[in-house]
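Worksheet: one structure, shown below.
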Amino acid sequence: MESGSTATTATDSSIKKIALVGNPNVGKSVLFNALTGAYVTVSNYPGTSVEVSRGHAVINDASWEVIDTPGMYSIHTITEEERVAREILLHERPDVVLHVLDARNLQRMLAMTIQLIEADLPVILIVNIMDEAERMGLSIDLNLLQELLGIPVIGAATARKRGLNEIRSAISNYRSFCDFKRFPYSPQLEHDISEVTCLMQGEYILSRRALALLLLQQDQEIDELVHVREGDGYAPLAEKVRQIAFERRESFHLNLSLERMEIVRAMINQVFRAPEKRVVTLSERISHWAVQPLTGVPLLLIVLYFGLYQFVGVFGAGTVVDLLEKQLFEGLFNPWIIGVVKAIIPWEVIQELFVGEYGIITLGLRYAVGIILPIVATFFIFFSFLEDTGYFPRLALLVDRIFKHFGLTGRAVIPMVLGFGCDTMATMVTRTLETTRERIIATVLLSLTIPCSAQLGVIMSLLSKYPGALAVWGGVLLLLFFVVGLLSAKILPGEAPMFYMELPPMRLPQLTNVLTKTYTRMQWYFLEILPLFVLASVLLWLGKITGFFETLVNAMTPIMASLGLPREAAVAFIFGFFRRDYGAAGLYELQVKGLMDARQLTVAAVTLTLFIPCVAQFLIMKKERGWKVAGAIGLFVSLLAFGCGYVLNQALLMTGVLA
Amino acid sequence: MICGFCGFEFDENEGKKGCGGCPGGCHSIHCPRCNYKNPLETAMVKKLKSLFGAKSPTTGEKQ
């Protein structure tokens with residue numbers, strides 16, 4: 001306990017301190033971030049594994065150290081986090097304690113405010129998340145609450161930057177305000193408290209009243225602290241505490257809790273108004289619809305239609321790609337750069353490397369910037385938007401009952417959703433699933449039926465031009481997803497584990513969050529693909545000048561023919577093995593050149609989506625599942641992809657669909 | 001930072017990082033509760049946020 005006093009970080013003693021306290025997830029960290037600058041120190045609290053963030057704030061020209069304490073529910077501590085939070089209050093002598101609570105749970109959280117005031121700590125109460133509370137129709141008389149508590153009370157919505165100026169002002173004016181209130185308990189409890197406090201002579205940061213209550217609750221750390229401070233006076237004090245604790249042994253904790261609840265309830269009755277019929281907010285309604293199968297499935301289809309089809313497929317892969325790839329690259333940039341390179345480099349073979357058919361600039365850069373970038377950008381905007389609304393955990397609950405039939409749980413939504421971004425990384429995330437069975441099934445479904453964002457965007461854009469083509473592609477994939485899922489669950493016997501999760505609230509996405517996440521994802525993605533696209537161009541160039549590429553295309557020609565595809569389609573498949581998105585760009589080019597009709601495009605899109613994953617994903621599969629399983633999955637997926645392509649081609653030819 | 005999937009609020013240093021799977025290095029933090037992959041903010045985004053007064057929730061230095 002004493003270690004805390006010597007363990008405080010070395011800071012200028014003239015700098016005042018602010019400690020942020022409160023339950024977990026009430027917005028303490030958001031407030032901490034809003035108050036402090038960019039320089040924050042995160043360190044383990046001495047002697048513990050609990051991390052504490054410290055930062056500096058300048059408020060009205062005065063410098064403050066701000067400490068973000070771990071979440072705590074009471075100053076009578078149970079967890080290590082709570083103990084650290086109390087150590088900070090006990091030993092770091094904060095000049096201001098900001099107690100942050102959730103306005104929606106005022107009654108439950110106000111008991112700790114009472115304890116903090118009772119301990120004579122310089123408390124300012126921040127009633128946070130007021131915006132949500134107001135949306136629910138809850139009303140809190142903050143002025144009356146301030147009067148009843150005798151401390152500054154500020155309503156805030158820190159995530160929306162509401163109330164920050166008032167909080168800063170309350171911090172800098174704190175001293176002139178302070179007016180501690182005492183909350184009386186029953187005569188018997190008051191008598192017990194006074195019997196203990198009158199034996200205490202030491203100097204403490206917390207009030208003797210609060211310490212007496214903690215002693216009577218048999219708080220070991222407080223007992224040790226009092227032992228040190230009281231010295232010789234400790235023995236009679238300890239005896240008195242032991243005697244009272246023994247007399248009240250059956251009901252002390254309960255009585256104290258009930259009395260505090262009564263104090264809070266009396267206060268709540270005066271300051272808190274809830275509507276007679278609870279207002280169900282729009283976000284709660286959407287949340288409810290999203291997890292119910294009857295409403296959740298149509299909602300999912302609406303999300304996919306507008307988000308994926310219209311925004312990523314039609315706008316990103318259609319309009320923006322057309323602008324960048326056709327008009328900017330093909331129309332302006334490529335003719336110019338070809339001229340420049342040819343003027344500088346006299347050797348044709350080297351010219352080919354940069355600006356040839358598979359040139360680093362004319363193919364690699366064009367694919368990366370002209371085709372993949374706009375598709376991935378629109379996909380990540382859609383993905384980050386959906387993520388910020390809190391829709392994904394609801395999707396997990398919605399599909400849980402379907403996934404159960406595949407031997408999976410709703411938890412598998414995490415790798416599946418991430419798979420649309422990149423299957424390679426999603427394959428790795430399957431390791432977080434509970435059983436090996438689940439991991440194998442999820443890996444199979446990922447490598448088989450989940451296209452990556454670029455592939456998805458290109459396919460949506462290409463197939464949307466032909467009525468029915470997209471429906472055939474989607475139908476085949478969905479059918480395979482179900483069939484392979486069901487078969488996998490049969491072949492790999494076992495029980496699907498239980499799945500439950502606490503749903504975070506649904507919220508209106510914040511533009512800054514969406515843009516930040518999109519930019520971050522895009523930057524990493526682009527930096528990752530650009531060198532690979534360049535490498536692929538170099539390999540293709542090497543393949544071309546050595547004749548190996550031509551041999552490979554020739555070898556694949558019979559397979560392409562069996563699928564009803566032209567010889568040139570082999571190029572997209574070879575590209576696809578480097579990376580799925582590279583293959584998707586190849587498919588786009590084939591369509592632009594007018595080499596394939598609706599049927600051929602659909603067959604190629606289905607086969608490419610199902611086709612063995614790219615080199616990177618295969619290597620990760622090997623790393624995660626071993627050579628044997630990865631090899632088996634790879635072989636199975638390849639055979640299934642070409643088998644499905646063949647059957648689909650025959651079926652389309654026979655039925656005349658997409659003719 | 002707040003997990004984009006389960007809403008769990010955690011410190012960047014608490015999350016799992018660097019499993020070595022992603023080509024080009026790790027740029028993500030996996031949520032300690034649900035393992036969802038959250039993007040790690042780039043230096044430029046952090047700088048921009050600090051410039052506009054909104055400190056990045058992922059900013060911090062381990063001591």
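Numbering starts fresh at 1 for the residues of each chain in the structure tokens, the chains themselves are lettered A, B, ... in the order given, and ligands are numbered from 1 as they appear.
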Show which residues sit within 7 Å of stretch 3-7 of chain B, as a compact mmCIF listing (two decimals) with C-alpha atoms, in the first residue's frame. Count only C-alpha atoms, and ignore same-chain residues fewer than 3 positions away.
# COMPACT_ATOMS: atom_id res chain seq x y z
CA GLU A 387 -18.29 -0.97 -38.65
CA ASP A 388 -18.83 2.41 -37.00
CA GLY A 390 -22.08 -1.28 -34.67
CA PHE A 392 -21.23 -6.31 -37.35
CA PRO A 393 -21.96 -7.83 -33.92
CA LEU A 503 -23.99 -5.88 -27.99
CA PRO A 504 -22.46 -2.42 -28.09
CA CYS B 31 -9.07 -6.61 -29.74
CA CYS B 34 -13.07 -10.57 -29.52
CA TYR B 36 -11.32 -8.33 -34.27
CA ASN B 38 -8.70 -2.91 -35.79
**Complete:** Correct to one decimal, the distance atom CA of A:Ile440-atom CA of A:Met498 is 17.7 Å
**Prompt:** With distances taken over only C-alpha atoms, which of A:Asp131, A:Pro415, A:Pro184, A:His405 is nearest to A:Glu259?
**Reply:**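 So, comparing all the options, the nearest one is A:Pro184.
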**Request:** Write down as an NGL selection string the residues belonging to stretch 322-411 of chain A that are assigned alpha helix (DSSP H) by DSSP computed on the backbone.
**Result:** :A and (334-344 or 348-355 or 373-389 or 391-405)
Output C-alpha atoms for every residue in that selection, as a short mmCIF file (atom, residue, chain, number, x, y, z; two decimals), in the first residue's frame.
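Saved to out.cif:
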data_model
loop_
_atom_site.label_atom_id
_atom_site.label_comp_id
_atom_site.auth_asym_id
_atom_site.auth_seq_id
_atom_site.Cartn_x
_atom_site.Cartn_y
_atom_site.Cartn_z
CA ASN A 334 0.03 5.77 -70.54
CA PRO A 335 0.54 7.35 -74.01
CA TRP A 336 2.64 10.06 -72.37
CA ILE A 337 4.77 7.73 -70.24
CA ILE A 338 5.27 5.31 -73.14
CA GLY A 339 6.63 8.20 -75.19
CA VAL A 340 8.90 9.33 -72.36
CA VAL A 341 10.29 5.84 -71.63
CA LYS A 342 10.85 5.07 -75.29
CA ALA A 343 12.69 8.36 -75.69
CA ILE A 344 14.94 7.64 -72.69
CA GLU A 348 13.10 -2.55 -76.61
CA VAL A 349 13.30 -5.34 -74.07
CA ILE A 350 13.80 -2.84 -71.22
CA GLN A 351 11.05 -0.62 -72.63
CA GLU A 352 8.81 -3.68 -72.39
CA LEU A 353 9.65 -4.03 -68.69
CA PHE A 354 8.29 -0.56 -67.93
CA VAL A 355 5.71 0.23 -70.57
CA LEU A 373 -7.49 1.65 -55.67
CA PRO A 374 -10.97 3.08 -56.40
CA ILE A 375 -12.66 -0.26 -55.72
CA VAL A 376 -10.84 -0.83 -52.47
CA ALA A 377 -11.39 2.79 -51.43
CA THR A 378 -15.15 2.59 -51.90
CA PHE A 379 -15.21 -0.82 -50.23
CA PHE A 380 -13.31 0.45 -47.20
CA ILE A 381 -15.60 3.50 -46.92
CA PHE A 382 -18.61 1.13 -46.89
CA PHE A 383 -16.87 -1.25 -44.48
CA SER A 384 -15.76 1.47 -42.06
CA PHE A 385 -19.22 3.06 -42.19
CA LEU A 386 -20.88 -0.22 -41.31
CA GLU A 387 -18.29 -0.97 -38.65
CA ASP A 388 -18.83 2.41 -37.00
CA THR A 389 -22.59 1.86 -36.79
CA TYR A 391 -23.81 -3.48 -37.27
CA PHE A 392 -21.23 -6.31 -37.35
CA PRO A 393 -21.96 -7.83 -33.92
CA ARG A 394 -25.66 -7.86 -34.84
CA LEU A 395 -24.80 -9.67 -38.05
CA ALA A 396 -22.94 -12.22 -35.91
CA LEU A 397 -26.07 -12.83 -33.87
CA LEU A 398 -28.25 -12.96 -36.97
CA VAL A 399 -26.19 -15.62 -38.72
CA ASP A 400 -25.41 -17.60 -35.56
CA ARG A 401 -28.33 -19.98 -36.02
CA ILE A 402 -27.41 -20.59 -39.70
CA PHE A 403 -23.72 -21.03 -38.92
CA LYS A 404 -24.62 -23.60 -36.26
CA HIS A 405 -25.58 -25.97 -39.11
#
